[in-house]
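Colleague: What follows is start-v4.csv, CSV, C-alpha atoms.
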```
chain,number,residue,atom,x,y,z
A,294,MET,CA,-103.1,-7.4,-174.8
A,295,ASN,CA,-105.2,-4.8,-173.0
A,296,LEU,CA,-102.7,-5.1,-170.1
A,297,ILE,CA,-99.0,-5.6,-170.1
A,298,LEU,CA,-98.2,-8.1,-167.3
A,299,ILE,CA,-95.0,-7.9,-165.3
A,300,GLU,CA,-93.4,-10.4,-163.0
A,301,ALA,CA,-92.6,-9.0,-159.6
A,302,HIS,CA,-88.9,-9.8,-160.0
A,303,GLU,CA,-88.7,-7.6,-163.1
A,304,LEU,CA,-89.4,-4.4,-161.0
A,305,VAL,CA,-86.3,-2.4,-160.3
A,306,PRO,CA,-86.8,0.6,-158.1
A,307,SER,CA,-86.0,3.9,-159.9
A,308,LEU,CA,-84.2,6.2,-157.5
A,309,ALA,CA,-84.1,9.0,-160.1
A,310,ALA,CA,-87.9,9.4,-160.4
A,311,PRO,CA,-89.4,12.1,-158.2
A,312,GLY,CA,-92.9,11.9,-156.7
A,313,ALA,CA,-94.7,8.6,-156.5
A,314,PRO,CA,-92.6,5.4,-156.3
A,315,ARG,CA,-91.6,4.3,-159.8
A,316,TYR,CA,-89.9,1.2,-161.2
A,317,VAL,CA,-87.8,0.4,-164.2
A,318,VAL,CA,-88.9,-2.6,-166.2
A,319,THR,CA,-87.0,-3.9,-169.2
A,320,PHE,CA,-88.7,-6.4,-171.6
A,321,THR,CA,-86.5,-8.7,-173.7
A,322,ASP,CA,-88.9,-11.6,-174.2
A,323,THR,CA,-90.2,-12.2,-177.7
A,324,LEU,CA,-93.9,-12.1,-176.8
A,325,ARG,CA,-94.1,-8.7,-175.2
A,326,VAL,CA,-91.5,-7.1,-177.4
A,327,LYS,CA,-93.3,-8.2,-180.5
A,328,HIS,CA,-96.6,-7.0,-179.2
A,329,LEU,CA,-95.3,-3.6,-178.3
A,330,ALA,CA,-93.4,-3.2,-181.5
A,331,GLN,CA,-95.7,-4.7,-184.1
A,332,VAL,CA,-99.2,-4.6,-182.6
A,333,LEU,CA,-99.2,-1.4,-180.4
A,334,ARG,CA,-96.4,0.2,-182.4
A,335,VAL,CA,-95.4,2.3,-179.4
A,336,GLU,CA,-92.9,5.1,-179.4
A,337,VAL,CA,-90.8,6.6,-176.6
A,338,GLY,CA,-93.2,8.5,-174.3
A,339,ALA,CA,-96.2,6.3,-174.9
A,340,ARG,CA,-98.2,5.3,-171.8
A,341,LEU,CA,-99.4,1.7,-171.4
A,342,ARG,CA,-101.6,-0.1,-168.9
A,343,VAL,CA,-99.5,-2.5,-166.8
A,344,GLY,CA,-100.0,-4.9,-164.0
A,345,VAL,CA,-97.8,-7.0,-161.7
A,346,ILE,CA,-98.8,-10.6,-161.7
A,347,ASP,CA,-100.8,-11.3,-158.5
A,348,GLY,CA,-100.2,-7.6,-157.6
A,349,ALA,CA,-101.0,-4.0,-158.4
A,350,LEU,CA,-102.2,-2.3,-161.5
A,351,GLY,CA,-100.4,0.7,-162.9
A,352,GLU,CA,-99.1,2.7,-165.8
A,353,GLY,CA,-95.9,2.3,-167.7
A,354,GLU,CA,-94.2,5.0,-169.8
A,355,VAL,CA,-91.9,3.8,-172.6
A,356,ALA,CA,-88.5,5.3,-171.8
A,357,HIS,CA,-86.3,3.5,-174.3
A,358,ILE,CA,-86.6,1.2,-177.3
A,359,GLY,CA,-83.8,-1.0,-178.2
A,360,VAL,CA,-83.2,-3.5,-181.0
A,361,ALA,CA,-85.0,-6.3,-179.1
A,362,ALA,CA,-85.9,-4.6,-175.8
A,363,PHE,CA,-88.3,-2.0,-174.3
A,364,THR,CA,-87.7,-0.1,-171.1
A,365,LEU,CA,-90.6,1.2,-169.2
A,366,LEU,CA,-90.9,3.6,-166.2
A,367,VAL,CA,-93.7,2.0,-164.1
A,368,THR,CA,-96.0,3.6,-161.5
A,369,LEU,CA,-98.2,1.3,-159.5
A,370,ALA,CA,-101.5,1.9,-157.8
A,371,ASP,CA,-103.9,-0.6,-156.1
A,372,ALA,CA,-104.3,-4.4,-156.7
A,373,PRO,CA,-107.6,-5.7,-158.0
A,374,ALA,CA,-109.8,-7.7,-155.6
A,375,PRO,CA,-109.8,-11.5,-156.0
A,376,ALA,CA,-112.7,-12.9,-157.9
A,377,ARG,CA,-115.4,-14.2,-155.6
A,378,ILE,CA,-116.1,-17.5,-157.5
A,379,ASP,CA,-114.2,-20.7,-157.3
A,380,VAL,CA,-114.8,-23.6,-159.7
A,381,LEU,CA,-114.5,-27.3,-159.3
A,382,LEU,CA,-114.4,-28.8,-162.7
A,383,ALA,CA,-114.5,-32.5,-163.6
A,384,VAL,CA,-111.8,-32.7,-166.2
A,385,PRO,CA,-113.3,-32.6,-169.7
A,386,ARG,CA,-111.6,-33.7,-173.0
A,387,PRO,CA,-108.1,-32.2,-172.8
A,388,LYS,CA,-108.5,-30.1,-176.0
A,389,ALA,CA,-111.7,-28.6,-174.5
A,390,LEU,CA,-110.0,-27.9,-171.2
A,391,GLY,CA,-107.1,-26.2,-173.0
A,392,ARG,CA,-109.5,-23.8,-174.7
A,393,LEU,CA,-111.3,-23.0,-171.4
A,394,TYR,CA,-108.5,-21.6,-169.3
A,395,SER,CA,-108.3,-18.2,-170.9
A,396,PRO,CA,-112.1,-17.6,-170.8
A,397,LEU,CA,-112.2,-18.6,-167.1
A,398,ALA,CA,-109.5,-16.0,-166.3
A,399,GLN,CA,-111.2,-13.4,-168.4
A,400,LEU,CA,-114.5,-13.8,-166.5
A,401,GLY,CA,-112.7,-14.1,-163.2
A,402,ILE,CA,-112.2,-17.0,-160.8
A,403,GLY,CA,-110.2,-17.3,-157.6
A,404,ARG,CA,-109.4,-20.9,-157.7
A,405,LEU,CA,-109.8,-23.8,-160.2
A,406,VAL,CA,-109.9,-27.3,-158.8
A,407,LEU,CA,-109.7,-30.0,-161.5
A,408,SER,CA,-111.2,-33.3,-160.5
A,409,GLY,CA,-111.8,-36.8,-161.6
A,410,ALA,CA,-115.3,-38.3,-161.6
A,411,GLU,CA,-116.8,-41.6,-162.7
A,412,ARG,CA,-117.3,-40.4,-166.3
A,413,VAL,CA,-113.8,-38.8,-166.5
A,414,GLU,CA,-111.4,-40.9,-168.5
A,415,ARG,CA,-108.2,-41.7,-166.5
A,416,TYR,CA,-105.9,-40.9,-169.4
A,417,TYR,CA,-107.1,-37.3,-169.4
A,418,PHE,CA,-104.8,-36.6,-166.5
A,419,ASP,CA,-101.8,-37.5,-168.6
A,420,ALA,CA,-102.5,-34.8,-171.1
A,421,HIS,CA,-100.3,-31.7,-171.2
A,422,GLN,CA,-103.5,-29.5,-170.8
A,423,VAL,CA,-103.9,-31.0,-167.3
A,424,ASP,CA,-100.8,-29.2,-166.0
A,425,VAL,CA,-100.4,-26.1,-163.8
A,426,GLY,CA,-97.7,-24.7,-166.0
A,427,PHE,CA,-99.9,-24.9,-169.1
A,428,ALA,CA,-102.9,-23.5,-167.2
A,429,ARG,CA,-100.9,-20.5,-166.0
A,430,ALA,CA,-99.8,-19.5,-169.4
A,431,GLN,CA,-103.3,-19.6,-170.7
A,432,PHE,CA,-104.6,-17.8,-167.6
A,433,LEU,CA,-102.1,-14.9,-168.2
A,434,GLU,CA,-103.4,-14.5,-171.7
A,435,GLY,CA,-106.9,-14.2,-170.3
A,436,LEU,CA,-105.8,-11.8,-167.6
A,437,ALA,CA,-104.1,-9.5,-170.1
A,438,GLN,CA,-107.3,-9.4,-172.1
A,439,ALA,CA,-109.5,-8.6,-169.1
A,440,ARG,CA,-107.1,-6.2,-167.4
A,441,ASP,CA,-106.7,-8.3,-164.3
A,442,THR,CA,-103.6,-9.5,-162.4
A,443,ARG,CA,-105.0,-12.2,-160.2
A,444,VAL,CA,-103.9,-15.6,-161.5
A,445,PRO,CA,-106.4,-18.3,-160.5
A,446,GLN,CA,-105.0,-20.9,-158.1
A,447,VAL,CA,-105.0,-24.4,-159.5
A,448,GLU,CA,-105.3,-27.8,-157.9
A,449,ILE,CA,-105.5,-31.2,-159.5
A,450,HIS,CA,-107.1,-34.2,-157.8
A,451,ARG,CA,-108.0,-37.5,-159.3
A,452,ARG,CA,-110.7,-38.2,-156.7
A,453,LEU,CA,-113.9,-36.1,-156.4
A,454,ASP,CA,-114.0,-36.4,-152.6
A,455,HIS,CA,-110.4,-35.0,-152.3
A,456,ALA,CA,-111.2,-32.2,-154.8
A,457,LEU,CA,-114.4,-31.2,-153.0
A,458,ALA,CA,-112.8,-31.2,-149.5
A,459,SER,CA,-110.0,-28.9,-150.8
A,460,ALA,CA,-112.4,-26.6,-152.6
A,461,LEU,CA,-114.5,-26.2,-149.5
A,462,GLY,CA,-111.5,-25.3,-147.5
A,463,ALA,CA,-111.0,-28.6,-145.6
A,464,ALA,CA,-107.8,-30.5,-145.2
A,465,SER,CA,-107.7,-33.2,-147.9
A,466,GLY,CA,-104.1,-34.5,-147.8
A,467,PRO,CA,-101.6,-34.0,-150.6
A,468,PRO,CA,-102.7,-33.7,-154.2
A,469,SER,CA,-102.8,-36.8,-156.4
A,470,SER,CA,-99.3,-36.4,-157.8
A,471,PRO,CA,-96.2,-34.6,-156.5
A,472,GLY,CA,-96.2,-30.9,-157.5
A,473,ALA,CA,-99.8,-31.1,-158.8
A,474,ALA,CA,-101.0,-28.2,-156.6
A,475,HIS,CA,-100.2,-24.6,-157.4
A,476,ARG,CA,-101.1,-22.2,-154.6
A,477,ALA,CA,-99.5,-18.9,-155.7
A,478,GLY,CA,-100.8,-15.6,-154.4
A,479,ALA,CA,-102.8,-14.7,-151.3
A,480,ALA,CA,-104.9,-17.3,-149.5
A,481,LEU,CA,-108.6,-17.3,-150.4
A,482,ALA,CA,-111.4,-17.5,-147.9
A,483,ALA,CA,-113.5,-20.6,-147.9
A,484,PRO,CA,-116.8,-20.3,-149.9
A,485,SER,CA,-119.9,-19.4,-148.0
A,486,ARG,CA,-122.1,-21.3,-150.4
A,487,ALA,CA,-121.5,-24.1,-152.7
A,488,PHE,CA,-123.5,-25.4,-155.7
A,489,TYR,CA,-123.3,-28.0,-158.3
A,490,ALA,CA,-124.6,-27.5,-161.9
A,491,ASP,CA,-127.5,-29.9,-162.8
A,492,PRO,CA,-129.9,-29.5,-165.7
A,493,GLY,CA,-133.5,-29.4,-164.7
A,494,ASP,CA,-135.8,-27.6,-162.3
A,495,ALA,CA,-133.1,-26.4,-159.8
A,496,PRO,CA,-132.9,-22.6,-159.0
A,497,ALA,CA,-131.2,-20.3,-161.4
A,498,PRO,CA,-127.8,-18.8,-160.3
A,499,ARG,CA,-129.4,-15.4,-159.4
A,500,VAL,CA,-131.9,-17.0,-157.0
A,501,ALA,CA,-129.2,-19.3,-155.5
A,502,VAL,CA,-126.9,-16.4,-154.4
A,503,GLN,CA,-129.5,-14.1,-152.9
A,504,GLY,CA,-128.6,-12.8,-149.5
A,505,LEU,CA,-124.8,-13.2,-149.8
A,506,GLY,CA,-122.7,-10.4,-148.4
A,507,PRO,CA,-120.5,-8.3,-150.6
A,508,THR,CA,-117.3,-10.2,-149.8
A,509,GLU,CA,-118.6,-13.7,-149.4
A,510,ARG,CA,-117.4,-16.3,-151.9
A,511,VAL,CA,-119.1,-19.1,-153.7
A,512,LEU,CA,-118.1,-22.5,-155.2
A,513,VAL,CA,-119.7,-24.0,-158.3
A,514,VAL,CA,-119.1,-27.6,-159.2
A,515,ILE,CA,-119.4,-28.5,-162.9
A,516,GLY,CA,-119.6,-32.2,-163.8
A,517,PRO,CA,-118.1,-34.2,-166.7
A,518,GLU,CA,-119.6,-34.0,-170.2
A,519,GLY,CA,-121.6,-37.1,-169.5
A,520,GLY,CA,-122.9,-35.6,-166.3
A,521,PHE,CA,-122.6,-36.8,-162.7
A,522,ARG,CA,-124.0,-40.2,-161.8
A,523,ASP,CA,-126.7,-40.4,-159.2
A,524,ARG,CA,-124.4,-41.5,-156.4
A,525,GLU,CA,-122.1,-38.6,-157.1
A,526,ARG,CA,-125.0,-36.2,-156.9
A,527,ALA,CA,-126.0,-37.8,-153.6
A,528,PHE,CA,-122.4,-37.3,-152.4
A,529,LEU,CA,-122.5,-33.7,-153.3
A,530,ALA,CA,-125.8,-33.2,-151.5
A,531,ARG,CA,-124.5,-34.9,-148.4
A,532,ALA,CA,-121.6,-32.5,-148.5
A,533,GLY,CA,-124.0,-29.5,-148.3
A,534,LEU,CA,-124.1,-28.5,-152.0
A,535,THR,CA,-127.3,-27.5,-153.6
A,536,PRO,CA,-128.1,-27.7,-157.3
A,537,ILE,CA,-128.4,-24.8,-159.7
A,538,ALA,CA,-129.5,-25.0,-163.3
A,539,LEU,CA,-129.5,-23.0,-166.5
A,540,GLY,CA,-132.7,-24.8,-167.6
A,541,PRO,CA,-133.3,-28.3,-169.0
A,542,ARG,CA,-130.7,-28.2,-171.8
A,543,VAL,CA,-127.6,-30.4,-171.3
A,544,LEU,CA,-124.6,-28.3,-172.2
A,545,ARG,CA,-121.0,-29.0,-173.0
A,546,THR,CA,-118.5,-28.3,-170.2
A,547,ASP,CA,-117.1,-25.2,-171.8
A,548,VAL,CA,-120.5,-23.7,-172.6
A,549,ALA,CA,-121.8,-24.5,-169.1
A,550,ALA,CA,-118.8,-23.1,-167.3
A,551,ILE,CA,-118.8,-19.8,-169.2
A,552,ALA,CA,-122.6,-19.3,-168.9
A,553,LEU,CA,-122.6,-20.1,-165.2
A,554,LEU,CA,-119.7,-17.8,-164.4
A,555,ALA,CA,-121.3,-14.9,-166.4
A,556,LEU,CA,-124.6,-15.3,-164.6
A,557,LEU,CA,-123.0,-15.8,-161.1
A,558,HIS,CA,-120.9,-12.6,-161.6
A,559,ASP,CA,-123.9,-10.7,-162.7
A,560,ALA,CA,-125.9,-11.9,-159.7
A,561,LEU,CA,-123.1,-11.1,-157.2
```
Would you give me this structure, written as structure tokens?

Modeller:
Amino acid sequence: MNLILIEAHELVPSLAAPGAPRYVVTFTDTLRVKHLAQVLRVEVGARLRVGVIDGALGEGEVAHIGVAAFTLLVTLADAPAPARIDVLLAVPRPKALGRLYSPLAQLGIGRLVLSGAERVERYYFDAHQVDVGFARAQFLEGLAQARDTRVPQVEIHRRLDHALASALGAASGPPSSPGAAHRAGAALAAPSRAFYADPGDAPAPRVAVQGLGPTERVLVVIGPEGGFRDRERAFLARAGLTPIALGPRVLRTDVAAIALLALLHDAL
């Protein structure tokens, strides 16, 4: 962990600490206790980078070490800005999706909309990897690595038209199953530009985002591993999306997603 993440409810105001507002946080969960004790091997007085999930970054000073608990005095500063890129992803094979959550959070996305498509198998949606709770746990791992606190918002839609309407900021009705949408954190602005990945002669990401303002957001749509069918491409074009490409090679979903995000962040 490059950042110790804290839930907001774990912050207890410290009335005894002078100066800047400080909080007392006590860790008793196995994951963080084991990391502090066995990986970082911290001692009383050590200072650690901390962050409140969906909130501010700060510093924690180890005040007490118990048998299976650590107590930190935490001082908070500013919260990181939300990532400017949203991703609509046609659900890949569940194992591939499970491996992708942490890299997406490390690179930085504001929202992930998981979608069906003609080449997405229906049974994928029954896998435990297609679950907001599973996704959140993997996102937190990625955020701790990248020193960020903004958990990507997640939505799951079995239909591409519903997924796209939601990703573009339009009302699309309820998600495909009860409780399938997770909208924690601050509301995100609708994207100013939207693209879909398509191998071939389409513009590169750097060309596609030229002229965007410093706070404008973008949406990138990534198809299934077999690619979008022609009528799905036509649907995306009618919705106002334009293609972008990484060249003529046909990439696996996880490779395409990581490469596109890296290039888009660099271009922005």

Colleague: List as a VMD selection string the protein and nucleic acid residues near Ala383 of chain A, meaning an atom at most 6 Å away when only C-alpha atoms are counted, but skip any in the same chain fewer than 4 places from it.

Modeller: chain A and resid 407 to 409 516 to 517

Colleague: Using only C-alpha atoms, please write the residues we just selected to a file, as a compact mmCIF listing (two decimals), in the coordinates of the input.

Modeller:
```txt
# COMPACT_ATOMS: atom_id res chain seq x y z
CA LEU A 407 -109.70 -30.00 -161.50
CA SER A 408 -111.20 -33.30 -160.50
CA GLY A 409 -111.80 -36.80 -161.60
CA GLY A 516 -119.60 -32.20 -163.80
CA PRO A 517 -118.10 -34.20 -166.70
```

Colleague: Can you write out as JSON lines which residues of segment 334-449 of chain A fall within 10 Å of segment 487-510 of chain A, alongside each residue's closest atom pair and its distance in Å to one decimal, counting only C-alpha atoms and ordering rows by chain and ascending residue number?

Modeller:
```
{"residue": "A:Ala374", "atom": "CA", "partner": "A:Thr508", "partner_atom": "CA", "distance": 9.8}
{"residue": "A:Pro375", "atom": "CA", "partner": "A:Thr508", "partner_atom": "CA", "distance": 9.8}
{"residue": "A:Ala376", "atom": "CA", "partner": "A:Arg510", "partner_atom": "CA", "distance": 8.3}
{"residue": "A:Arg377", "atom": "CA", "partner": "A:Arg510", "partner_atom": "CA", "distance": 4.7}
{"residue": "A:Ile378", "atom": "CA", "partner": "A:Arg510", "partner_atom": "CA", "distance": 5.9}
{"residue": "A:Asp379", "atom": "CA", "partner": "A:Arg510", "partner_atom": "CA", "distance": 7.7}
{"residue": "A:Val380", "atom": "CA", "partner": "A:Tyr489", "partner_atom": "CA", "distance": 9.7}
{"residue": "A:Leu381", "atom": "CA", "partner": "A:Tyr489", "partner_atom": "CA", "distance": 8.9}
{"residue": "A:Leu382", "atom": "CA", "partner": "A:Tyr489", "partner_atom": "CA", "distance": 10.0}
{"residue": "A:Gly403", "atom": "CA", "partner": "A:Arg510", "partner_atom": "CA", "distance": 9.2}
```

Colleague: I want to know what sits within 8 Å of Pro445 of chain A, based on all atoms listed in the file, with residues of the same chain fewer than 4 positions away left out; could you give that as an MDAnalysis selection string?

Modeller: chainID A and resid 398 402:405 432

Colleague: Hey, can you check how far atom CA of Ala349 of chain A sits from atom CA of Asp371 of chain A?

Modeller: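 Computing it gives 5.0 Å between the two atoms.
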
Colleague: Rank A:Gln431, A:Gly401, A:Ala532, A:Leu461 by their smallest atom-to-atom distance to Asp559 of chain A, using all atoms listed in the file, and report the top residue only.

Modeller: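 Once distances to Asp559 of chain A are computed over all atoms listed in the file, the minimum belongs to A:Gly401.
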
Colleague: Could you check the closest approach to Ala339 of chain A for each of A:Asp441, A:Glu352, A:Asp547, A:Asp454 and tell me which residue wins, using only C-alpha atoms?

Modeller: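 Counting only C-alpha atoms, the residue closest to Ala339 of chain A is A:Glu352.
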
Colleague: Could you tell me how far atom CA of Val367 of chain A lies from atom CA of Val317 of chain A, in Å and to one decimal?

Modeller: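 Spanning atom CA of Val367 of chain A to atom CA of Val317 of chain A is a straight-line distance of 6.1 Å.
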
Colleague: Please, what distance in Å, to one decimal, runs between atom CA of Arg443 of chain A and atom CA of Ala420 of chain A?

Modeller: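 We find that atom CA of Arg443 of chain A and atom CA of Ala420 of chain A lie 25.2 Å from each other.
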
Colleague: Ranking A:His302, A:Arg340, A:Arg545, A:Arg451 by minimum distance to Tyr417 of chain A and counting all atoms listed in the file, which one comes first?

Modeller: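 Closest to Tyr417 of chain A of all the choices is A:Arg451.
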
Colleague: May I ask which of the residues A:Ala362, A:Val413, A:Ala458, A:Leu341 is the closest one to Phe521 of chain A, counting only C-alpha atoms?

Modeller: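 That would be A:Val413, the residue with the smallest distance to Phe521 of chain A.
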
Colleague: Select, from A:Glu434, A:Ser459, A:Arg429, A:His357, the residue with the minimum atom-to-atom distance to Val406 of chain A, counting all atoms listed in the file.

Modeller: A:Ser459

Colleague: With all atoms listed in the file as the basis for distance, which of A:Met294, A:Val384, A:Val360, A:Leu436 is at the shortest distance from Arg412 of chain A?

Modeller: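 Closest candidate: A:Val384.
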
Colleague: Skipping near chain neighbours, those fewer than 5 positions away, what residues fall within 10 Å of Thr321 of chain A using all atoms listed in the file, listed as an MDAnalysis selection string?

Modeller: chainID A and resid 326:327 359:364

Colleague: Which protein, DNA or RNA residues have an atom at most 8 Å from (-89.8, 2.5, -167.1), counting only C-alpha atoms? List them as a PyMOL selection string.

Modeller: chain A and resi 315-319+353-356+364-367

Colleague: Can you pull out the residues contacting Asp347 of chain A? Cut-off 7 Å, using all atoms listed in the file, and skip same-chain residues under 2 positions away; I want them as a ChimeraX atom specification.

Modeller: /A:345,442-444,478
